[in-house]
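A quick write-up on the structure given underneath.
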Protein chains: 2
Amino acid sequence: MNLHQLMRDLNENNGSKIVLVVADGLGGLPLEPGGRTELETAKKPNLDAMVREGVCGLSIPVLPGITPGSGPGHLGLFGYDPLEYKIGRGILEALGINFQVGPRDVAVRGNFCTVNAEGLITDRRAGRPSTDRCVEMCKKMQSIKVPGVEVFVEPVREHRFVVVFRGDHLGDLVNDTDPQALNVPPLFAVGEDANSQNTAKAINTFVVEAGKLLKNDAPTNMVTLRGFARYPKIATMQNIYGLKAACIAVYPMYKGLARLVGMDILDAGATLSEQIDTLKKAWDSYDFFFLHYKYTDSTGEDGNFDGKVAKIEALDMELPRIRALNPDVLLVTGDHSTPAKMRSHSWHPVPTVLCAKNARPDGAVAFGESFCLRGGLGQVEAKYLMSLAMAHAGRLGKYGA
Amino acid sequence: MNLHQLMRDLNENNGSKIVLVVADGLGGLPLEPGGRTELETAKKPNLDAMVREGVCGLSIPVLPGITPGSGPGHLGLFGYDPLEYKIGRGILEALGINFQVGPRDVAVRGNFCTVNAEGLITDRRAGRPSTDRCVEMCKKMQSIKVPGVEVFVEPVREHRFVVVFRGDHLGDLVNDTDPQALNVPPLFAVGEDANSQNTAKAINTFVVEAGKLLKNDAPTNMVTLRGFARYPKIATMQNIYGLKAACIAVYPMYKGLARLVGMDILDAGATLSEQIDTLKKAWDSYDFFFLHYKYTDSTGEDGNFDGKVAKIEALDMELPRIRALNPDVLLVTGDHSTPAKMRSHSWHPVPTVLCAKNARPDGAVAFGESFCLRGGLGQVEAKYLMSLAMAHAGRLGKYGA
């Protein structure tokens, strides 16, 4: 029996409330031997109090040694095995610009490129045009018509854009048209099965039309398309856990990931304080809240150790407003580590704390990598955090008699 | 997605170097309640320094409670799930005498036995003949011809030898001819499928000829054959990890296991010091080095606690020569525990330490079972140590966007 079927069979609605706070990229590393991590450096009395009252541990996002992107990182936290549920690049790209992809869509990542008079690629990124230029060229391409298929073209930034093909019987087993090489023409799209051949036909039509439209717009005079991806079929959190779930995120990518698993997307404002205002307002309407906090990741990516420390402290300061709502389960974790030392996502397990009435104390007294290593949750794959949250919320019945 | 496909998709060649030191049977047990294990007793300042700088933990060779032989123990360390990749006894026996088995081979373990005038077995081990006798009898059998199949006969020791049948369309689904009982004749070999019937025919021919040849050589006047095994199909470490890998082992069995996963076998000499000379010489030619140290196991098997302590200390003394090469990842572990107290392999998880620039410190200060139990790697299945080594070497890209 798989984990989701177990959750379906066991879940019970007792009216309790679960709050999942994802501090993106939370885990870290010390800068110097013998030093402290970002989290261990921060002054965070409220998180430390949670650890003393609750149970802590380390979350393994995917498997030991595997560094996840944001997609797999969050799917794991929502209880979806990130190796089983894969989100194609086109879909993630579309989610990232808040394009509402649906079940009839194939989403694609597009790049502007430069071709010479013979149609051979001379620059795969079209000299990295300005985002304004990208917007302008995308607007032009919005006039392209493909028979039998709706086409949406939306800018991302610089040379990057998104195309969504909407229609019936569109598969996504199609090769990238980007040859990943210079002095060759863009590749012709070929579909591996009947439905994907429909998509390939639409793509080839689109690319020919784009070539005509842009022919005088060098260096952005051609496009390549890649990462063709259908909207994945994923059971909702309502279906799996019986939870009415809401997302309170600022950035489109995380809203998109939450929409994938059936969460309602609430208007979150632009700051953590506004996100918590939203939480308060929506408190009576949902069972589960996913609150996404971006800045622990972005400071880590910038290599800004002190900045990440400050962002952890800022999160800590807002925590009492969440706790004042008295959630039955409050879980604070991250989708992956982003050590400022590495300036990137990493594989290191992520500090995690769960507060609930029946959490078993583990003697940890502060929220940090060292205490979490010895915490009561142990080192646990992220995909099990939802079952732990459900259990602590009193929402899981007994398995077997 | 399986782990190997994930490694294939994510691996990146950044020129970094990984050294895996396998101290065979490293884990142990205290002799007395309240006592220390072999590793905890040894003076090993260099291993202790590695633990302080790196991250430690316990490696579970197969699954909790499962004691591995050398085959599964090492396959796990090389990142091959030992429950998925099985090495037949015949193949292991052939590897152990440095016979270079290939894809057209079926390898078999042979035993000399004694039969009476009626052809009934009276001693299944032929009175444990001397190894000289074994060599002599094997030489005799090397003259046996089997139509359509090449046959190789090689002595192991005492009553044990290896037969390899080489040819096309030879299966290994054949019953053992050893009836595991006295006063019965050796069994007739029967193949379960067409290819295995070819093998069975060759076996039966071989056994009849051996009986004729040896009939005046009692007590070694008959043979039984068992553990028929084809050379397993295993992807190479190059294919999975993108690593050019080399084995520096003294004993044939470990060379054979390394050859199975595509490592180059380097001339290692006979001592650890010579093995490290080899490592230095080959340093620029490979990405990954497997260095096997046998004596922690053999002393354990002898029940020689103090001897095992001394062998750990000898390993520790050579360690600075490895560290001087400045590997990006240095991993020291064992393929299983061999507690002197038990005089055998055991299931106990194996102390493991990994040194690398981005290892997350875990507060452990000495290399031993107790510190490793609280180490940052946690208790981790051996098959994940390679993904952890690859991650720490900067050789794995991000999973998903």
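Residues are named by chain letter and number: chains run A, B, ... in the order of the structure tokens, numbers start at 1 in each chain, and ligands are numbered from 1 in the order shown.
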What does chain B look like after a least-squares fit onto chain A on every Cα paired in order, written as a short mmCIF file (atom, residue, chain, number, x, y, z; two decimals) with C-alpha atoms, in the first residue's frame?
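Wrote superposed.cif, looks like this:
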```
data_model
loop_
_atom_site.label_atom_id
_atom_site.label_comp_id
_atom_site.auth_asym_id
_atom_site.auth_seq_id
_atom_site.Cartn_x
_atom_site.Cartn_y
_atom_site.Cartn_z
CA MET B 1 -0.14 -0.08 -0.01
CA ASN B 2 1.20 3.33 -0.81
CA LEU B 3 1.44 6.22 1.59
CA HIS B 4 -1.37 8.22 -0.01
CA GLN B 5 -3.80 5.30 0.10
CA LEU B 6 -2.87 4.80 3.73
CA MET B 7 -3.61 8.48 4.42
CA ARG B 8 -6.94 8.19 2.60
CA ASP B 9 -7.89 5.14 4.64
CA LEU B 10 -6.85 6.54 8.00
CA ASN B 11 -7.61 10.26 7.94
CA GLU B 12 -10.28 11.57 10.28
CA ASN B 13 -11.58 15.11 10.49
CA ASN B 14 -11.38 16.29 14.09
CA GLY B 15 -11.45 20.00 13.25
CA SER B 16 -7.83 20.52 14.21
CA LYS B 17 -5.56 22.97 12.39
CA ILE B 18 -2.11 22.45 10.92
CA VAL B 19 0.26 25.25 9.91
CA LEU B 20 3.29 24.46 7.76
CA VAL B 21 5.80 27.31 7.62
CA VAL B 22 8.36 26.75 4.87
CA ALA B 23 11.44 28.92 5.31
CA ASP B 24 12.86 28.34 1.86
CA GLY B 25 16.45 27.08 1.85
CA LEU B 26 16.50 27.14 5.67
CA GLY B 27 19.44 24.78 6.30
CA GLY B 28 22.97 26.10 6.13
CA LEU B 29 26.65 25.57 6.81
CA PRO B 30 29.22 27.34 8.97
CA LEU B 31 31.57 29.58 7.00
CA GLU B 32 34.60 28.44 8.98
CA PRO B 33 35.57 25.19 10.71
CA GLY B 34 34.18 25.29 14.24
CA GLY B 35 31.73 28.03 13.28
CA ARG B 36 27.96 28.15 13.44
CA THR B 37 25.42 27.86 10.65
CA GLU B 38 23.14 30.75 9.72
CA LEU B 39 20.35 29.29 11.86
CA GLU B 40 22.68 28.70 14.81
CA THR B 41 23.96 32.26 14.55
CA ALA B 42 20.53 33.91 14.49
CA LYS B 43 18.84 35.23 17.65
CA LYS B 44 15.49 33.46 17.44
CA PRO B 45 13.95 33.03 20.89
CA ASN B 46 10.57 31.99 19.50
CA LEU B 47 11.91 29.19 17.31
CA ASP B 48 14.07 28.04 20.21
CA ALA B 49 11.00 27.94 22.46
CA MET B 50 9.22 25.80 19.85
CA VAL B 51 12.11 23.31 19.94
CA ARG B 52 11.98 23.12 23.73
CA GLU B 53 8.22 22.50 23.69
CA GLY B 54 8.03 20.30 20.63
CA VAL B 55 10.08 17.77 18.75
CA CYS B 56 12.77 18.52 16.19
CA GLY B 57 14.76 16.68 13.55
CA LEU B 58 16.25 16.90 10.10
CA SER B 59 14.21 16.58 6.92
CA ILE B 60 15.80 14.83 3.95
CA PRO B 61 14.18 16.51 0.94
CA VAL B 62 14.50 13.61 -1.54
CA LEU B 63 17.18 11.06 -0.67
CA PRO B 64 20.61 11.39 0.96
CA GLY B 65 22.83 13.50 -1.26
CA ILE B 66 20.07 14.70 -3.58
CA THR B 67 19.70 18.46 -3.97
CA PRO B 68 16.15 19.39 -4.96
CA GLY B 69 14.79 22.29 -6.94
CA SER B 70 11.82 24.15 -5.52
CA GLY B 71 9.33 21.80 -7.20
CA PRO B 72 10.45 18.50 -5.69
CA GLY B 73 11.40 20.28 -2.46
CA HIS B 74 7.85 21.47 -1.91
CA LEU B 75 6.11 18.36 -3.22
CA GLY B 76 8.03 16.37 -0.60
CA LEU B 77 6.85 18.70 2.15
CA PHE B 78 3.26 18.31 0.95
CA GLY B 79 3.71 14.53 1.30
CA TYR B 80 4.16 13.68 -2.39
CA ASP B 81 7.19 11.49 -3.08
CA PRO B 82 9.30 13.80 -5.24
CA LEU B 83 10.74 10.85 -7.16
CA GLU B 84 7.26 9.67 -8.08
CA TYR B 85 5.58 12.99 -8.80
CA LYS B 86 7.53 14.89 -11.39
CA ILE B 87 6.80 18.41 -12.51
CA GLY B 88 8.13 19.14 -15.99
CA ARG B 89 10.25 22.23 -16.54
CA GLY B 90 7.66 23.85 -18.81
CA ILE B 91 5.01 23.53 -16.12
CA LEU B 92 7.32 24.91 -13.41
CA GLU B 93 8.25 27.82 -15.66
CA ALA B 94 4.55 28.54 -16.27
CA LEU B 95 3.75 28.28 -12.55
CA GLY B 96 6.61 30.69 -11.88
CA ILE B 97 4.93 33.47 -13.89
CA ASN B 98 1.53 32.67 -12.38
CA PHE B 99 0.14 31.24 -15.62
CA GLN B 100 -2.83 29.08 -14.65
CA VAL B 101 -1.97 25.85 -16.42
CA GLY B 102 -4.75 23.31 -16.79
CA PRO B 103 -5.31 19.70 -17.79
CA ARG B 104 -5.47 20.42 -21.58
CA ASP B 105 -2.15 22.29 -21.58
CA VAL B 106 1.36 21.49 -22.68
CA ALA B 107 3.69 24.10 -21.21
CA VAL B 108 7.07 24.84 -22.72
CA ARG B 109 10.08 26.88 -21.81
CA GLY B 110 11.16 29.13 -24.68
CA ASN B 111 14.48 30.86 -25.31
CA PHE B 112 15.19 33.65 -27.75
CA CYS B 113 18.26 32.85 -29.83
CA THR B 114 20.16 34.45 -32.71
CA VAL B 115 20.38 32.79 -36.14
CA ASN B 116 22.46 33.88 -39.12
CA ALA B 117 21.33 34.18 -42.75
CA GLU B 118 21.65 30.39 -43.17
CA GLY B 119 19.40 29.83 -40.16
CA LEU B 120 22.27 28.49 -38.00
CA ILE B 121 22.31 29.43 -34.31
CA THR B 122 25.06 31.90 -33.42
CA ASP B 123 23.93 32.74 -29.86
CA ARG B 124 21.69 30.39 -27.88
CA ARG B 125 20.58 33.23 -25.54
CA ALA B 126 20.27 36.01 -28.13
CA GLY B 127 22.87 38.08 -26.27
CA ARG B 128 20.76 38.04 -23.12
CA PRO B 129 18.26 40.72 -24.17
CA SER B 130 16.67 43.04 -21.62
CA THR B 131 13.44 41.88 -20.05
CA ASP B 132 11.68 44.82 -21.76
CA ARG B 133 12.85 43.46 -25.09
CA CYS B 134 11.64 40.01 -24.06
CA VAL B 135 8.20 41.44 -23.27
CA GLU B 136 8.06 43.26 -26.60
CA MET B 137 9.04 40.19 -28.64
CA CYS B 138 6.56 38.01 -26.75
CA LYS B 139 3.79 40.48 -27.55
CA LYS B 140 4.67 40.09 -31.21
CA MET B 141 4.47 36.32 -30.98
CA GLN B 142 1.05 36.49 -29.31
CA SER B 143 -0.38 37.06 -32.79
CA ILE B 144 0.76 33.62 -33.98
CA LYS B 145 -2.12 31.28 -34.84
CA VAL B 146 -1.75 27.52 -34.87
CA PRO B 147 -4.69 25.59 -36.39
CA GLY B 148 -6.69 23.61 -33.82
CA VAL B 149 -4.62 24.71 -30.83
CA GLU B 150 -4.79 27.76 -28.56
CA VAL B 151 -1.35 29.28 -28.01
CA PHE B 152 -0.29 31.53 -25.13
CA VAL B 153 3.08 33.32 -25.10
CA GLU B 154 4.26 35.01 -21.92
CA PRO B 155 7.60 36.64 -21.09
CA VAL B 156 9.72 35.45 -18.13
CA ARG B 157 12.88 37.54 -18.22
CA GLU B 158 15.88 38.25 -20.50
CA HIS B 159 15.90 35.52 -23.17
CA ARG B 160 13.34 33.34 -21.39
CA PHE B 161 9.62 33.03 -22.07
CA VAL B 162 6.82 30.50 -21.71
CA VAL B 163 4.59 29.04 -24.42
CA VAL B 164 1.49 27.08 -23.54
CA PHE B 165 -0.30 24.98 -26.15
CA ARG B 166 -3.89 24.25 -25.15
CA GLY B 167 -6.01 21.66 -26.89
CA ASP B 168 -7.24 18.09 -26.93
CA HIS B 169 -4.97 15.11 -27.43
CA LEU B 170 -1.69 16.96 -26.90
CA GLY B 171 1.12 14.77 -25.57
CA ASP B 172 4.41 15.93 -24.11
CA LEU B 173 6.82 13.29 -25.39
CA VAL B 174 8.50 15.75 -27.72
CA ASN B 175 12.21 16.49 -28.10
CA ASP B 176 13.65 19.89 -27.26
CA THR B 177 14.19 22.04 -30.36
CA ASP B 178 17.25 23.61 -28.71
CA PRO B 179 20.21 21.68 -30.20
CA GLN B 180 22.43 22.86 -27.29
CA ALA B 181 25.10 23.70 -29.87
CA LEU B 182 26.15 26.55 -32.17
CA ASN B 183 26.33 26.68 -35.99
CA VAL B 184 23.45 24.25 -36.35
CA PRO B 185 19.79 25.05 -36.99
CA PRO B 186 17.12 24.59 -34.30
CA LEU B 187 15.87 21.02 -34.26
CA PHE B 188 12.61 19.92 -35.75
CA ALA B 189 10.14 18.72 -33.09
CA VAL B 190 9.13 15.05 -33.30
CA GLY B 191 6.46 13.39 -31.13
CA GLU B 192 6.97 9.92 -29.70
CA ASP B 193 3.30 8.93 -29.81
CA ALA B 194 0.16 10.03 -31.64
CA ASN B 195 -0.77 12.74 -29.12
CA SER B 196 2.79 14.02 -28.94
CA GLN B 197 2.87 14.16 -32.75
CA ASN B 198 -0.06 16.59 -32.52
CA THR B 199 2.00 18.72 -30.16
CA ALA B 200 5.11 18.49 -32.38
CA LYS B 201 3.10 19.65 -35.38
CA ALA B 202 1.83 22.66 -33.42
CA ILE B 203 5.34 23.44 -32.22
CA ASN B 204 6.87 23.29 -35.68
CA THR B 205 4.12 25.56 -37.03
CA PHE B 206 4.70 27.97 -34.16
CA VAL B 207 8.47 28.07 -34.69
CA VAL B 208 8.16 28.69 -38.44
CA GLU B 209 5.73 31.57 -37.78
CA ALA B 210 7.96 32.98 -35.04
CA GLY B 211 10.93 32.91 -37.43
CA LYS B 212 8.96 34.91 -40.01
CA LEU B 213 7.72 37.43 -37.45
CA LEU B 214 11.12 38.01 -35.84
CA LYS B 215 13.34 37.82 -38.91
CA ASN B 216 14.28 41.52 -38.72
CA ASP B 217 14.66 41.54 -34.94
CA ALA B 218 18.20 40.17 -34.54
CA PRO B 219 19.66 39.32 -32.11
CA THR B 220 16.24 38.03 -30.95
CA ASN B 221 15.38 36.64 -34.38
CA MET B 222 14.58 33.02 -33.57
CA VAL B 223 13.33 30.82 -30.71
CA THR B 224 14.07 27.38 -29.30
CA LEU B 225 11.61 25.45 -27.16
CA ARG B 226 12.26 22.86 -24.50
CA GLY B 227 10.92 21.12 -21.42
CA PHE B 228 7.52 20.20 -22.94
CA ALA B 229 5.33 19.17 -20.06
CA ARG B 230 1.71 18.37 -19.50
CA TYR B 231 -0.04 19.39 -16.33
CA PRO B 232 0.63 16.47 -13.98
CA LYS B 233 -2.23 14.41 -12.60
CA ILE B 234 -1.92 14.78 -8.85
CA ALA B 235 -4.49 13.92 -6.22
CA THR B 236 -5.40 16.91 -4.07
CA MET B 237 -4.52 17.26 -0.40
CA GLN B 238 -8.26 17.21 0.25
CA ASN B 239 -8.47 13.83 -1.45
CA ILE B 240 -5.43 12.37 0.35
CA TYR B 241 -5.59 13.94 3.79
CA GLY B 242 -9.15 15.21 3.97
CA LEU B 243 -7.67 18.67 4.57
CA LYS B 244 -9.10 21.91 3.27
CA ALA B 245 -5.78 23.52 2.44
CA ALA B 246 -4.74 27.11 1.74
CA CYS B 247 -1.53 28.62 0.42
CA ILE B 248 -0.21 31.94 1.71
CA ALA B 249 2.77 32.69 -0.52
CA VAL B 250 4.11 35.85 -2.10
CA TYR B 251 5.90 34.37 -5.13
CA PRO B 252 4.05 32.81 -8.08
CA MET B 253 6.09 29.60 -8.26
CA TYR B 254 5.01 28.55 -4.76
CA LYS B 255 1.42 29.49 -5.41
CA GLY B 256 1.61 27.37 -8.54
CA LEU B 257 3.02 24.38 -6.67
CA ALA B 258 0.32 24.72 -4.04
CA ARG B 259 -2.36 24.95 -6.74
CA LEU B 260 -1.01 21.69 -8.20
CA VAL B 261 -1.95 19.84 -5.01
CA GLY B 262 -5.33 21.52 -4.80
CA MET B 263 -4.72 24.29 -2.27
CA ASP B 264 -6.72 27.46 -2.42
CA ILE B 265 -4.41 30.39 -3.12
CA LEU B 266 -5.08 33.24 -0.71
CA ASP B 267 -4.21 36.85 -1.38
CA ALA B 268 -1.03 37.08 0.67
CA GLY B 269 0.17 40.64 0.34
CA ALA B 270 3.88 41.28 -0.05
CA THR B 271 5.35 40.89 3.43
CA LEU B 272 5.44 38.17 6.06
CA SER B 273 3.39 40.39 8.33
CA GLU B 274 0.69 40.66 5.65
CA GLN B 275 0.89 36.90 5.09
CA ILE B 276 0.11 36.40 8.76
CA ASP B 277 -2.76 38.90 8.51
CA THR B 278 -4.11 36.66 5.75
CA LEU B 279 -3.61 33.59 7.94
CA LYS B 280 -5.62 35.19 10.75
CA LYS B 281 -8.44 36.20 8.45
CA ALA B 282 -8.68 32.76 6.84
CA TRP B 283 -8.21 30.84 10.09
CA ASP B 284 -11.76 29.55 10.40
CA SER B 285 -12.08 28.59 6.75
CA TYR B 286 -9.29 26.01 6.38
CA ASP B 287 -7.72 23.00 8.11
CA PHE B 288 -4.22 23.39 6.71
CA PHE B 289 -2.12 26.43 5.89
CA PHE B 290 1.10 26.50 3.87
CA LEU B 291 2.95 29.71 4.56
CA HIS B 292 5.98 30.29 2.33
CA TYR B 293 8.87 32.54 3.36
CA LYS B 294 11.26 33.18 0.48
CA TYR B 295 14.08 35.26 1.89
CA THR B 296 16.08 32.59 3.70
CA ASP B 297 16.71 31.11 0.26
CA SER B 298 17.40 34.27 -1.71
CA THR B 299 19.96 35.55 0.81
CA GLY B 300 21.58 32.10 0.79
CA GLU B 301 21.73 32.12 -3.02
CA ASP B 302 23.40 35.54 -2.82
CA GLY B 303 26.06 34.13 -0.50
CA ASN B 304 24.88 36.64 2.07
CA PHE B 305 25.41 34.81 5.39
CA ASP B 306 24.55 37.81 7.58
CA GLY B 307 21.56 38.64 5.42
CA LYS B 308 20.23 35.10 5.84
CA VAL B 309 20.74 35.35 9.61
CA ALA B 310 18.74 38.60 9.60
CA LYS B 311 15.93 37.01 7.56
CA ILE B 312 15.72 34.13 10.04
CA GLU B 313 15.50 36.67 12.86
CA ALA B 314 12.74 38.52 11.00
CA LEU B 315 10.79 35.26 10.66
CA ASP B 316 11.28 34.52 14.33
CA MET B 317 9.88 37.90 15.33
CA GLU B 318 6.60 37.22 13.50
CA LEU B 319 6.22 33.71 14.89
CA PRO B 320 4.30 34.70 18.05
CA ARG B 321 1.48 36.00 15.85
CA ILE B 322 1.15 32.53 14.34
CA ARG B 323 1.37 30.80 17.71
CA ALA B 324 -1.28 33.13 19.09
CA LEU B 325 -3.73 31.43 16.74
CA ASN B 326 -3.03 28.24 18.69
CA PRO B 327 -2.60 25.79 15.82
CA ASP B 328 -2.85 22.14 16.85
CA VAL B 329 0.30 21.45 14.86
CA LEU B 330 2.86 24.07 13.89
CA LEU B 331 5.64 22.76 11.66
CA VAL B 332 8.58 24.96 10.67
CA THR B 333 11.00 23.58 8.11
CA GLY B 334 12.49 24.29 4.69
CA ASP B 335 12.20 22.72 1.26
CA HIS B 336 16.00 22.27 1.13
CA SER B 337 19.17 23.87 2.48
CA THR B 338 20.72 26.90 0.80
CA PRO B 339 24.03 27.46 2.61
CA ALA B 340 25.33 30.98 1.99
CA LYS B 341 28.76 29.37 1.80
CA MET B 342 27.65 27.44 -1.32
CA ARG B 343 25.43 30.17 -2.88
CA SER B 344 23.09 27.43 -4.05
CA HIS B 345 20.56 24.81 -3.02
CA SER B 346 22.19 21.82 -1.36
CA TRP B 347 21.41 18.27 -0.28
CA HIS B 348 22.01 18.87 3.43
CA PRO B 349 19.07 17.78 5.60
CA VAL B 350 16.85 20.65 6.75
CA PRO B 351 16.24 21.68 10.37
CA THR B 352 12.64 20.96 11.27
CA VAL B 353 10.54 21.56 14.36
CA LEU B 354 7.03 20.35 15.13
CA CYS B 355 4.97 21.70 18.03
CA ALA B 356 1.88 19.82 19.17
CA LYS B 357 0.29 18.67 22.40
CA ASN B 358 1.45 15.07 22.08
CA ALA B 359 4.92 15.67 20.66
CA ARG B 360 7.43 13.56 22.56
CA PRO B 361 10.10 15.82 24.10
CA ASP B 362 13.65 15.22 22.90
CA GLY B 363 15.79 17.43 25.11
CA ALA B 364 16.73 19.84 22.31
CA VAL B 365 16.90 23.45 23.53
CA ALA B 366 17.61 25.55 20.42
CA PHE B 367 16.64 25.44 16.76
CA GLY B 368 19.72 24.63 14.75
CA GLU B 369 21.39 21.92 12.71
CA SER B 370 23.25 20.42 15.68
CA PHE B 371 20.24 20.06 17.97
CA CYS B 372 18.03 18.87 15.12
CA LEU B 373 20.55 16.14 14.36
CA ARG B 374 19.78 14.69 17.79
CA GLY B 375 16.09 15.50 17.73
CA GLY B 376 13.19 13.14 18.21
CA LEU B 377 12.08 13.14 14.58
CA GLY B 378 15.47 11.76 13.62
CA GLN B 379 16.50 12.22 10.01
CA VAL B 380 13.25 11.73 8.20
CA GLU B 381 12.35 11.91 4.52
CA ALA B 382 10.36 15.08 3.87
CA LYS B 383 7.48 13.04 2.43
CA TYR B 384 6.72 11.70 5.93
CA LEU B 385 6.38 15.13 7.57
CA MET B 386 2.72 15.33 6.52
CA SER B 387 1.93 11.94 8.10
CA LEU B 388 3.68 13.11 11.26
CA ALA B 389 1.74 16.38 11.20
CA MET B 390 -1.53 14.50 10.64
CA ALA B 391 -0.74 12.11 13.51
CA HIS B 392 0.13 14.91 15.92
CA ALA B 393 -3.06 16.73 14.89
CA GLY B 394 -5.09 13.67 15.91
CA ARG B 395 -6.23 13.29 12.31
CA LEU B 396 -5.04 9.71 11.69
CA GLY B 397 -6.86 6.63 12.92
CA LYS B 398 -5.22 3.35 13.81
CA TYR B 399 -3.83 1.12 11.06
CA GLY B 400 -5.24 -2.38 11.42
CA ALA B 401 -6.94 -3.83 14.46
#
```
(Q) Taking the DSSP secondary structure from the backbone, can you list the residues of region 210-357 of chain B that are strand (DSSP E or B), as a PyMOL selection string? (A) chain B and resi 222-230+245-248+264-265+288-293+329-333+337+346+350-355
Pull C-alpha atoms from the residues just selected and write them as a PDB file, in the first residue's frame.
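This went into selection27.pdb:
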```
ATOM      1  CA  MET B 222      34.315 -37.879  -7.176  1.00  0.00           C
ATOM      2  CA  VAL B 223      33.097 -34.259  -7.376  1.00  0.00           C
ATOM      3  CA  THR B 224      29.909 -32.347  -6.653  1.00  0.00           C
ATOM      4  CA  LEU B 225      29.122 -28.973  -8.190  1.00  0.00           C
ATOM      5  CA  ARG B 226      26.995 -26.158  -6.860  1.00  0.00           C
ATOM      6  CA  GLY B 227      26.273 -22.444  -6.979  1.00  0.00           C
ATOM      7  CA  PHE B 228      26.005 -22.217 -10.791  1.00  0.00           C
ATOM      8  CA  ALA B 229      26.145 -18.551 -11.636  1.00  0.00           C
ATOM      9  CA  ARG B 230      26.444 -16.442 -14.723  1.00  0.00           C
ATOM     10  CA  ALA B 245      37.387   4.296 -10.929  1.00  0.00           C
ATOM     11  CA  ALA B 246      40.374   2.273  -9.747  1.00  0.00           C
ATOM     12  CA  CYS B 247      40.719  -0.546  -7.249  1.00  0.00           C
ATOM     13  CA  ILE B 248      43.757  -0.852  -4.994  1.00  0.00           C
ATOM     14  CA  ASP B 264      40.451  -0.726 -13.270  1.00  0.00           C
ATOM     15  CA  ILE B 265      42.491  -3.045 -11.067  1.00  0.00           C
ATOM     16  CA  PHE B 288      37.652   7.481  -7.696  1.00  0.00           C
ATOM     17  CA  PHE B 289      39.830   5.099  -5.723  1.00  0.00           C
ATOM     18  CA  PHE B 290      38.674   2.068  -3.748  1.00  0.00           C
ATOM     19  CA  LEU B 291      41.358   1.063  -1.301  1.00  0.00           C
ATOM     20  CA  HIS B 292      40.698  -2.232   0.496  1.00  0.00           C
ATOM     21  CA  TYR B 293      42.264  -3.071   3.865  1.00  0.00           C
ATOM     22  CA  VAL B 329      36.160  13.449  -0.442  1.00  0.00           C
ATOM     23  CA  LEU B 330      37.784  10.882   1.816  1.00  0.00           C
ATOM     24  CA  LEU B 331      35.399   8.222   3.092  1.00  0.00           C
ATOM     25  CA  VAL B 332      36.529   5.596   5.612  1.00  0.00           C
ATOM     26  CA  THR B 333      34.113   2.795   6.414  1.00  0.00           C
ATOM     27  CA  SER B 337      31.193  -5.379  11.225  1.00  0.00           C
ATOM     28  CA  SER B 346      27.748  -9.338  11.895  1.00  0.00           C
ATOM     29  CA  VAL B 350      29.555   0.175  10.539  1.00  0.00           C
ATOM     30  CA  PRO B 351      31.370   3.300  11.744  1.00  0.00           C
ATOM     31  CA  THR B 352      31.797   5.681   8.831  1.00  0.00           C
ATOM     32  CA  VAL B 353      33.488   9.041   8.426  1.00  0.00           C
ATOM     33  CA  LEU B 354      33.406  11.408   5.464  1.00  0.00           C
ATOM     34  CA  CYS B 355      35.766  14.372   5.121  1.00  0.00           C
TER      35      CYS B 355
END
```
Q | alpha helix (DSSP H) positions in region 137-270 of chain B, given as number ranges by chain | A | B: 137-141, 194-214, 237-241, 252-260
